[in-house]
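Visitor: Please find query.cif (mmCIF, C-alpha atoms) on the next line:
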data_entry
#
loop_
_atom_site.group_PDB
_atom_site.id
_atom_site.type_symbol
_atom_site.label_atom_id
_atom_site.label_comp_id
_atom_site.auth_asym_id
_atom_site.auth_seq_id
_atom_site.Cartn_x
_atom_site.Cartn_y
_atom_site.Cartn_z
ATOM 1 C CA MET A 10 95.351 -48.283 -13.252
ATOM 2 C CA ASN A 11 95.835 -48.490 -9.490
ATOM 3 C CA ASP A 12 95.792 -51.735 -7.497
ATOM 4 C CA ALA A 13 92.362 -51.012 -5.992
ATOM 5 C CA LEU A 14 90.754 -50.608 -9.415
ATOM 6 C CA GLN A 15 92.394 -53.812 -10.626
ATOM 7 C CA SER A 16 91.055 -55.603 -7.541
ATOM 8 C CA LEU A 17 87.554 -54.318 -8.305
ATOM 9 C CA LEU A 18 87.838 -55.519 -11.906
ATOM 10 C CA ASP A 19 88.990 -58.921 -10.617
ATOM 11 C CA LEU A 20 85.941 -58.976 -8.320
ATOM 12 C CA LEU A 21 83.678 -58.514 -11.355
ATOM 13 C CA ASP A 22 85.486 -61.174 -13.407
ATOM 14 C CA LEU A 23 83.245 -64.069 -12.386
ATOM 15 C CA GLU A 24 84.246 -67.716 -12.654
ATOM 16 C CA ARG A 25 82.021 -69.675 -15.028
ATOM 17 C CA ILE A 26 81.195 -73.014 -13.367
ATOM 18 C CA GLU A 27 78.381 -74.117 -15.716
ATOM 19 C CA GLU A 28 76.867 -72.761 -18.931
ATOM 20 C CA ASP A 29 74.578 -70.351 -17.057
ATOM 21 C CA MET A 30 76.119 -70.484 -13.596
ATOM 22 C CA PHE A 31 78.861 -68.229 -12.239
ATOM 23 C CA ARG A 32 80.755 -67.830 -8.987
ATOM 24 C CA GLY A 33 82.077 -64.612 -7.462
ATOM 25 C CA THR A 34 84.076 -63.615 -4.418
ATOM 26 C CA SER A 35 83.328 -60.651 -2.155
ATOM 27 C CA ASP A 36 84.711 -57.772 -0.167
ATOM 28 C CA ALA A 37 83.082 -56.690 3.081
ATOM 29 C CA ALA A 38 81.195 -53.396 3.148
ATOM 30 C CA PRO A 39 83.300 -50.749 4.930
ATOM 31 C CA LEU A 40 81.005 -50.044 7.890
ATOM 32 C CA VAL A 41 78.801 -53.136 8.237
ATOM 33 C CA PRO A 42 79.644 -56.877 8.300
ATOM 34 C CA ARG A 43 77.998 -57.749 4.995
ATOM 35 C CA VAL A 44 78.657 -57.655 1.265
ATOM 36 C CA PHE A 45 78.232 -54.233 -0.352
ATOM 37 C CA GLY A 46 74.960 -54.232 -2.273
ATOM 38 C CA GLY A 47 76.442 -52.521 -5.310
ATOM 39 C CA GLN A 48 78.921 -55.375 -5.655
ATOM 40 C CA VAL A 49 76.182 -58.019 -5.761
ATOM 41 C CA ALA A 50 74.165 -55.999 -8.284
ATOM 42 C CA ALA A 51 77.204 -55.465 -10.511
ATOM 43 C CA GLN A 52 78.228 -59.129 -10.361
ATOM 44 C CA ALA A 53 74.684 -60.261 -11.173
ATOM 45 C CA LEU A 54 74.634 -57.955 -14.207
ATOM 46 C CA VAL A 55 78.008 -59.362 -15.308
ATOM 47 C CA ALA A 56 76.542 -62.875 -15.077
ATOM 48 C CA ALA A 57 73.465 -61.906 -17.093
ATOM 49 C CA GLY A 58 75.521 -60.035 -19.677
ATOM 50 C CA ARG A 59 77.775 -63.011 -20.332
ATOM 51 C CA THR A 60 74.783 -64.958 -21.677
ATOM 52 C CA VAL A 61 73.727 -62.193 -24.082
ATOM 53 C CA PRO A 62 75.233 -61.278 -27.510
ATOM 54 C CA GLU A 63 77.722 -58.402 -27.329
ATOM 55 C CA ASP A 64 75.605 -56.225 -29.657
ATOM 56 C CA ARG A 65 72.817 -56.066 -27.051
ATOM 57 C CA PRO A 66 73.819 -53.790 -24.161
ATOM 58 C CA PRO A 67 71.673 -53.651 -21.014
ATOM 59 C CA HIS A 68 68.960 -50.991 -21.013
ATOM 60 C CA SER A 69 67.377 -51.714 -17.614
ATOM 61 C CA LEU A 70 67.621 -53.746 -14.435
ATOM 62 C CA HIS A 71 65.287 -54.325 -11.505
ATOM 63 C CA ALA A 72 66.583 -55.988 -8.357
ATOM 64 C CA TYR A 73 65.692 -56.975 -4.791
ATOM 65 C CA PHE A 74 68.137 -57.407 -1.930
ATOM 66 C CA LEU A 75 66.750 -60.394 -0.010
ATOM 67 C CA ARG A 76 69.358 -61.248 2.637
ATOM 68 C CA PRO A 77 72.679 -59.783 3.806
ATOM 69 C CA GLY A 78 75.609 -61.265 1.903
ATOM 70 C CA ASP A 79 78.392 -63.065 3.769
ATOM 71 C CA PRO A 80 81.747 -61.594 2.644
ATOM 72 C CA GLY A 81 83.529 -64.771 3.743
ATOM 73 C CA ALA A 82 81.706 -67.091 1.345
ATOM 74 C CA PRO A 83 81.470 -67.251 -2.464
ATOM 75 C CA ILE A 84 78.266 -66.159 -4.196
ATOM 76 C CA VAL A 85 76.788 -68.365 -6.923
ATOM 77 C CA TYR A 86 74.838 -66.615 -9.681
ATOM 78 C CA THR A 87 72.374 -68.679 -11.719
ATOM 79 C CA VAL A 88 71.085 -67.117 -14.944
ATOM 80 C CA ASP A 89 67.668 -67.963 -16.376
ATOM 81 C CA ARG A 90 67.338 -67.192 -20.102
ATOM 82 C CA ILE A 91 63.805 -65.815 -19.996
ATOM 83 C CA ARG A 92 63.544 -64.574 -23.595
ATOM 84 C CA ASP A 93 65.626 -63.967 -26.707
ATOM 85 C CA GLY A 94 63.596 -61.767 -29.049
ATOM 86 C CA PHE A 95 64.360 -59.940 -32.285
ATOM 87 C CA SER A 96 65.290 -56.715 -30.456
ATOM 88 C CA PHE A 97 65.169 -57.460 -26.734
ATOM 89 C CA THR A 98 66.739 -60.128 -24.539
ATOM 90 C CA THR A 99 65.612 -60.767 -20.950
ATOM 91 C CA ARG A 100 67.547 -62.507 -18.195
ATOM 92 C CA ARG A 101 66.782 -63.369 -14.579
ATOM 93 C CA VAL A 102 69.593 -63.909 -12.074
ATOM 94 C CA VAL A 103 69.421 -65.387 -8.575
ATOM 95 C CA ALA A 104 72.418 -64.981 -6.252
ATOM 96 C CA VAL A 105 72.766 -67.751 -3.664
ATOM 97 C CA GLN A 106 74.870 -68.166 -0.532
ATOM 98 C CA HIS A 107 74.706 -71.010 2.002
ATOM 99 C CA GLY A 108 71.840 -72.526 0.015
ATOM 100 C CA LYS A 109 69.615 -69.445 0.249
ATOM 101 C CA PRO A 110 68.890 -66.650 -2.257
ATOM 102 C CA ILE A 111 70.331 -63.295 -1.172
ATOM 103 C CA PHE A 112 69.587 -61.242 -4.309
ATOM 104 C CA HIS A 113 67.321 -61.350 -7.330
ATOM 105 C CA LEU A 114 67.799 -59.401 -10.557
ATOM 106 C CA SER A 115 65.906 -59.073 -13.820
ATOM 107 C CA ALA A 116 67.731 -57.358 -16.673
ATOM 108 C CA SER A 117 66.758 -56.464 -20.208
ATOM 109 C CA PHE A 118 69.114 -55.961 -23.161
ATOM 110 C CA GLN A 119 68.398 -54.321 -26.511
ATOM 111 C CA LEU A 120 69.873 -54.004 -29.986
ATOM 112 C CA ASP A 121 70.883 -50.416 -30.777
ATOM 113 C CA GLU A 122 68.031 -48.510 -32.434
ATOM 114 C CA GLU A 123 67.273 -44.967 -33.563
ATOM 115 C CA GLY A 124 64.236 -43.224 -32.126
ATOM 116 C CA LEU A 125 62.743 -40.077 -30.606
ATOM 117 C CA GLU A 126 65.198 -38.067 -28.483
ATOM 118 C CA HIS A 127 64.715 -35.756 -25.492
ATOM 119 C CA GLN A 128 66.110 -35.504 -21.975
ATOM 120 C CA GLU A 129 66.186 -33.449 -18.786
ATOM 121 C CA GLN A 130 68.923 -30.860 -18.555
ATOM 122 C CA MET A 131 72.017 -31.425 -16.479
ATOM 123 C CA PRO A 132 72.235 -29.259 -13.326
ATOM 124 C CA ASP A 133 74.798 -26.475 -13.158
ATOM 125 C CA VAL A 134 77.514 -27.728 -10.804
ATOM 126 C CA PRO A 135 81.195 -26.992 -10.078
ATOM 127 C CA ASP A 136 83.919 -28.726 -12.032
ATOM 128 C CA PRO A 137 84.895 -32.007 -10.323
ATOM 129 C CA LEU A 138 88.581 -31.088 -10.171
ATOM 130 C CA SER A 139 87.669 -28.057 -8.043
ATOM 131 C CA LEU A 140 86.151 -30.311 -5.354
ATOM 132 C CA PRO A 141 87.985 -32.134 -2.533
ATOM 133 C CA THR A 142 89.022 -35.749 -2.961
ATOM 134 C CA ALA A 143 87.963 -38.394 -0.421
ATOM 135 C CA GLU A 144 91.472 -38.247 1.068
ATOM 136 C CA GLU A 145 91.013 -34.516 1.651
ATOM 137 C CA LEU A 146 87.372 -34.634 2.780
ATOM 138 C CA LEU A 147 86.983 -37.580 5.144
ATOM 139 C CA PRO A 148 89.597 -36.632 7.778
ATOM 140 C CA ARG A 149 87.727 -33.367 8.379
ATOM 141 C CA TYR A 150 84.863 -35.340 9.958
ATOM 142 C CA GLU A 151 86.816 -38.053 11.757
ATOM 143 C CA HIS A 152 85.741 -36.640 15.137
ATOM 144 C CA LEU A 153 82.094 -37.385 14.264
ATOM 145 C CA PHE A 154 82.591 -40.988 13.200
ATOM 146 C CA ALA A 155 81.551 -43.999 15.277
ATOM 147 C CA GLY A 156 84.834 -45.376 16.506
ATOM 148 C CA PRO A 157 88.430 -45.435 15.257
ATOM 149 C CA GLY A 158 89.420 -46.590 11.803
ATOM 150 C CA VAL A 159 86.294 -45.427 9.986
ATOM 151 C CA VAL A 160 88.200 -43.033 7.733
ATOM 152 C CA ASP A 161 90.685 -45.710 6.718
ATOM 153 C CA ARG A 162 87.942 -48.252 6.010
ATOM 154 C CA MET A 163 85.964 -45.781 3.913
ATOM 155 C CA LEU A 164 89.052 -44.751 1.962
ATOM 156 C CA GLN A 165 89.903 -48.369 1.312
ATOM 157 C CA ALA A 166 86.370 -49.136 0.134
ATOM 158 C CA ARG A 167 86.419 -46.214 -2.325
ATOM 159 C CA ALA A 168 90.030 -46.461 -3.458
ATOM 160 C CA ALA A 169 88.985 -47.712 -6.911
ATOM 161 C CA ILE A 170 86.553 -44.818 -7.433
ATOM 162 C CA ASP A 171 87.369 -41.109 -7.434
ATOM 163 C CA LEU A 172 84.175 -39.756 -5.830
ATOM 164 C CA ARG A 173 83.740 -36.063 -5.003
ATOM 165 C CA TYR A 174 80.801 -34.422 -3.218
ATOM 166 C CA VAL A 175 79.488 -31.157 -4.660
ATOM 167 C CA ASP A 176 78.139 -30.114 -1.224
ATOM 168 C CA ALA A 177 78.895 -31.437 2.247
ATOM 169 C CA PRO A 178 78.013 -35.137 2.699
ATOM 170 C CA PRO A 179 75.461 -36.191 5.349
ATOM 171 C CA TYR A 180 78.125 -36.552 8.027
ATOM 172 C CA GLY A 181 79.153 -32.958 7.294
ATOM 173 C CA SER A 182 75.834 -31.511 8.508
ATOM 174 C CA VAL A 183 74.759 -33.767 11.375
ATOM 175 C CA GLY A 184 71.795 -32.278 13.235
ATOM 176 C CA GLN A 185 71.070 -29.760 10.477
ATOM 177 C CA PRO A 186 68.288 -30.933 8.114
ATOM 178 C CA ARG A 187 68.782 -29.817 4.509
ATOM 179 C CA ASP A 188 66.965 -30.171 1.229
ATOM 180 C CA PRO A 189 66.903 -33.891 0.383
ATOM 181 C CA LYS A 190 69.290 -33.473 -2.533
ATOM 182 C CA SER A 191 72.859 -34.647 -3.026
ATOM 183 C CA GLN A 192 75.301 -34.531 -5.920
ATOM 184 C CA VAL A 193 78.596 -36.308 -6.496
ATOM 185 C CA TRP A 194 81.012 -36.556 -9.381
ATOM 186 C CA PHE A 195 82.627 -39.950 -9.895
ATOM 187 C CA ARG A 196 84.903 -41.899 -12.207
ATOM 188 C CA THR A 197 87.184 -44.901 -11.884
ATOM 189 C CA ASP A 198 90.598 -44.030 -10.479
ATOM 190 C CA GLY A 199 92.353 -44.960 -13.698
ATOM 191 C CA LYS A 200 91.518 -45.567 -17.349
ATOM 192 C CA LEU A 201 89.985 -48.802 -18.578
ATOM 193 C CA ASP A 202 91.930 -50.166 -21.511
ATOM 194 C CA GLY A 203 92.652 -53.458 -23.198
ATOM 195 C CA ALA A 204 90.327 -56.263 -22.089
ATOM 196 C CA ALA A 205 88.895 -54.000 -19.378
ATOM 197 C CA ASP A 206 87.550 -51.539 -21.961
ATOM 198 C CA ASP A 207 84.326 -53.490 -22.409
ATOM 199 C CA PRO A 208 81.024 -51.577 -22.758
ATOM 200 C CA LEU A 209 79.288 -54.103 -20.470
ATOM 201 C CA LEU A 210 81.955 -53.574 -17.800
ATOM 202 C CA HIS A 211 81.435 -49.782 -17.895
ATOM 203 C CA VAL A 212 77.729 -50.357 -17.200
ATOM 204 C CA CYS A 213 78.452 -52.872 -14.424
ATOM 205 C CA LEU A 214 80.894 -50.483 -12.746
ATOM 206 C CA ALA A 215 78.287 -47.708 -12.844
ATOM 207 C CA THR A 216 75.871 -50.168 -11.242
ATOM 208 C CA TYR A 217 78.445 -50.777 -8.504
ATOM 209 C CA VAL A 218 78.868 -47.047 -7.815
ATOM 210 C CA SER A 219 75.131 -46.319 -8.000
ATOM 211 C CA ASP A 220 74.595 -47.917 -4.570
ATOM 212 C CA MET A 221 77.335 -45.928 -2.808
ATOM 213 C CA THR A 222 75.610 -42.604 -2.143
ATOM 214 C CA LEU A 223 72.003 -42.852 -3.340
ATOM 215 C CA LEU A 224 70.449 -42.938 0.146
ATOM 216 C CA ASP A 225 72.388 -39.819 1.217
ATOM 217 C CA SER A 226 69.529 -37.557 0.173
ATOM 218 C CA ILE A 227 67.213 -39.245 2.692
ATOM 219 C CA LEU A 228 69.727 -38.680 5.496
ATOM 220 C CA LEU A 229 70.081 -35.010 4.578
ATOM 221 C CA ALA A 230 66.343 -34.387 4.990
ATOM 222 C CA HIS A 231 66.591 -35.407 8.657
ATOM 223 C CA GLY A 232 70.046 -34.156 9.621
ATOM 224 C CA ARG A 233 71.371 -37.698 10.000
ATOM 225 C CA GLY A 234 75.032 -38.509 9.463
ATOM 226 C CA GLY A 235 74.499 -42.082 8.368
ATOM 227 C CA TRP A 236 76.405 -45.306 8.867
ATOM 228 C CA ALA A 237 79.766 -43.639 9.499
ATOM 229 C CA VAL A 238 78.270 -41.649 12.379
ATOM 230 C CA GLY A 239 76.062 -44.487 13.630
ATOM 231 C CA ASP A 240 72.822 -42.503 13.906
ATOM 232 C CA ILE A 241 70.932 -44.611 11.365
ATOM 233 C CA VAL A 242 70.469 -48.317 10.668
ATOM 234 C CA GLY A 243 69.752 -49.113 7.058
ATOM 235 C CA ALA A 244 70.129 -51.339 4.038
ATOM 236 C CA SER A 245 69.101 -51.351 0.394
ATOM 237 C CA LEU A 246 65.777 -53.054 -0.323
ATOM 238 C CA ASP A 247 65.345 -52.775 -4.071
ATOM 239 C CA HIS A 248 67.170 -51.077 -6.912
ATOM 240 C CA ALA A 249 66.227 -50.153 -10.474
ATOM 241 C CA MET A 250 68.292 -48.611 -13.263
ATOM 242 C CA TRP A 251 67.606 -47.517 -16.830
ATOM 243 C CA PHE A 252 70.563 -47.015 -19.187
ATOM 244 C CA HIS A 253 69.624 -44.367 -21.741
ATOM 245 C CA ARG A 254 72.819 -43.501 -23.596
ATOM 246 C CA PRO A 255 76.380 -44.855 -23.867
ATOM 247 C CA PHE A 256 78.954 -43.591 -21.364
ATOM 248 C CA ARG A 257 82.413 -44.315 -20.041
ATOM 249 C CA VAL A 258 82.825 -44.829 -16.325
ATOM 250 C CA ASP A 259 86.487 -43.776 -16.511
ATOM 251 C CA ASP A 260 85.321 -40.293 -17.551
ATOM 252 C CA TRP A 261 83.651 -37.923 -15.077
ATOM 253 C CA LEU A 262 79.956 -38.627 -14.428
ATOM 254 C CA LEU A 263 77.616 -36.474 -12.337
ATOM 255 C CA TYR A 264 75.282 -38.378 -9.998
ATOM 256 C CA ASP A 265 72.370 -36.064 -9.146
ATOM 257 C CA GLN A 266 70.272 -37.561 -6.314
ATOM 258 C CA GLU A 267 67.150 -36.635 -4.346
ATOM 259 C CA SER A 268 64.559 -38.182 -2.033
ATOM 260 C CA PRO A 269 60.832 -37.587 -2.603
ATOM 261 C CA SER A 270 59.674 -39.467 0.510
ATOM 262 C CA SER A 271 60.507 -41.440 3.643
ATOM 263 C CA SER A 272 57.987 -43.240 5.856
ATOM 264 C CA GLY A 273 57.342 -46.554 7.568
ATOM 265 C CA GLY A 274 61.013 -47.184 8.286
ATOM 266 C CA ARG A 275 61.838 -46.882 4.582
ATOM 267 C CA GLY A 276 63.187 -44.128 2.375
ATOM 268 C CA LEU A 277 62.950 -43.620 -1.388
ATOM 269 C CA ALA A 278 65.724 -42.037 -3.432
ATOM 270 C CA LYS A 279 66.132 -41.393 -7.120
ATOM 271 C CA GLY A 280 69.136 -40.362 -9.153
ATOM 272 C CA ARG A 281 70.229 -39.215 -12.583
ATOM 273 C CA ILE A 282 73.705 -39.842 -13.977
ATOM 274 C CA PHE A 283 74.965 -37.360 -16.563
ATOM 275 C CA THR A 284 78.093 -37.388 -18.685
ATOM 276 C CA ALA A 285 80.361 -34.368 -18.314
ATOM 277 C CA ASP A 286 79.045 -32.947 -21.608
ATOM 278 C CA GLY A 287 75.451 -33.031 -20.323
ATOM 279 C CA ARG A 288 73.968 -36.227 -21.737
ATOM 280 C CA LEU A 289 71.561 -38.078 -19.432
ATOM 281 C CA ALA A 290 73.080 -41.567 -19.332
ATOM 282 C CA VAL A 291 71.311 -43.393 -16.483
ATOM 283 C CA SER A 292 68.260 -43.086 -14.225
ATOM 284 C CA VAL A 293 68.210 -44.825 -10.834
ATOM 285 C CA ILE A 294 65.582 -45.461 -8.138
ATOM 286 C CA GLN A 295 66.129 -47.249 -4.836
ATOM 287 C CA GLU A 296 64.200 -47.860 -1.630
ATOM 288 C CA GLY A 297 66.057 -48.653 1.561
ATOM 289 C CA VAL A 298 65.425 -49.480 5.180
ATOM 290 C CA MET A 299 66.061 -46.346 7.248
ATOM 291 C CA ARG A 300 65.662 -46.855 10.997
ATOM 292 C CA VAL A 301 66.747 -44.687 13.900
ATOM 293 C CA PRO A 302 68.700 -46.845 16.388
ATOM 294 C CA ARG A 303 66.847 -47.570 19.604
ATOM 295 C CA PRO A 304 68.425 -46.255 22.796
ATOM 296 C CA LYS A 305 70.367 -48.889 24.708
ATOM 297 C CA LYS A 306 68.679 -49.936 27.944
#
Written as structure tokens, how would this file's structure read?
Guide:
Amino acid sequence: MNDALQSLLDLLDLERIEEDMFRGTSDAAPLVPRVFGGQVAAQALVAAGRTVPEDRPPHSLHAYFLRPGDPGAPIVYTVDRIRDGFSFTTRRVVAVQHGKPIFHLSASFQLDEEGLEHQEQMPDVPDPLSLPTAEELLPRYEHLFAGPGVVDRMLQARAAIDLRYVDAPPYGSVGQPRDPKSQVWFRTDGKLDGAADDPLLHVCLATYVSDMTLLDSILLAHGRGGWAVGDIVGASLDHAMWFHRPFRVDDWLLYDQESPSSSGGRGLAKGRIFTADGRLAVSVIQEGVMRVPRPKK
């Protein structure tokens, strides 16, 4: 396990300050002066999960990003035990900074059950090991990025996750609109073992990664390079996930993403996460603010 992955695990290891109250620290997002949304979502799910019996894994979450998070201040997560049923458990989490809510999450957990089975098929894509790493890919586009140091900041932000694009990322086709579809393979950069090999932690880490690239498909539809290039201003608005089948986040997972619509300064994206052997593990939907920067006067 590399140092970056250990640091990410430490970030998700919240301090319990009351029975249903937790405190977490933050890292700044690589390209904007706020907390990365995937971090807040993952920490909130950790907080909720720590109030639920271990035999009830999360099966869904629905969240709203209310305010930008301050990376220089702790975040306090308060868990509301909405319901403990025979099969399902429901939790609500509010994340607070400087006395104001910045994030709201509802999560549902379920005892394992047998039932009807079907799923969409996994797309046919190249093997992840045949694709360039972030260290190989990002320097190719350094000349397009908005200012010096962007490559280093992006590499630092993704050092815990081995993430590989199947096709060129948005900044690789600036000015050339493409189909609003994007695919990445990802896994943690190291195996989770010992205390870290916790099924809840695998789900929380997938939640963290799910916010990294989901809006890419919107950018592709309009030939925009995104935050690294500086030709878009955006932020996550809401986020929903459904966890269908067990998975390990230290094994390769395919994140298949597309955008059905953008309008009104917002864009909608949806994703499917498959295990390497083709099982549909997670479905994701997110809407985000997507604004073209106004020309400077």
Visitor: Taking (75.9, -57.5, -6.0) as a centre in this file's frame and 10 Å as the limit, can you find every polymer residue with an atom that close, using all atoms listed in the file, and give them as a count of residues only?
Guide: 29
Visitor: Within 12 Å of segment 183-187 of chain A, which residues of segment 89-165 of chain A come that close, and what is the closest atom pair and distance in Å for each? Count only C-alpha atoms and give it as a Markdown table.
Guide:
| residue | atom | partner | partner_atom | distance |
| --- | --- | --- | --- | --- |
| A:Tyr150 | CA | A:Val183 | CA | 10.3 |
| A:His152 | CA | A:Val183 | CA | 12.0 |
| A:Leu153 | CA | A:Val183 | CA | 8.7 |
| A:Phe154 | CA | A:Val183 | CA | 10.8 |
Visitor: Go ahead and dump the residues you just picked, C-alpha atoms, as a PDB file, in the coordinates of the input.
Guide:
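Final output, selection.pdb:
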ATOM      1  CA  TYR A 150      84.863 -35.340   9.958  1.00  0.00           C
ATOM      2  CA  HIS A 152      85.741 -36.640  15.137  1.00  0.00           C
ATOM      3  CA  LEU A 153      82.094 -37.385  14.264  1.00  0.00           C
ATOM      4  CA  PHE A 154      82.591 -40.988  13.200  1.00  0.00           C
TER       5      PHE A 154
END
Visitor: Which is closest to Pro302 of chain A among A:Leu277, A:Leu147, A:Val238, A:Ala285, if we use all atoms listed in the file?
Guide: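 Answer, going by the shortest atom-to-atom distance: A:Val238.
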Visitor: List as a list of chain:residue names the protein and nucleic acid residues near His127 of chain A, meaning an atom at most 12 Å away when only C-alpha atoms are counted, but skip any in the same chain fewer than 2 places from it.
Guide: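 Counting only C-alpha atoms, the residues come to A:Gly124, A:Leu125, A:Glu129, A:Gln130, A:His253, A:Arg254, A:Arg288, A:Leu289, A:Ala290.
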Visitor: What does the structure give for the distance between atom CA of Ser191 of chain A and atom CA of Gln266 of chain A, in Å to one decimal?
Guide: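 Separation between atom CA of Ser191 of chain A and atom CA of Gln266 of chain A: 5.1 Å.
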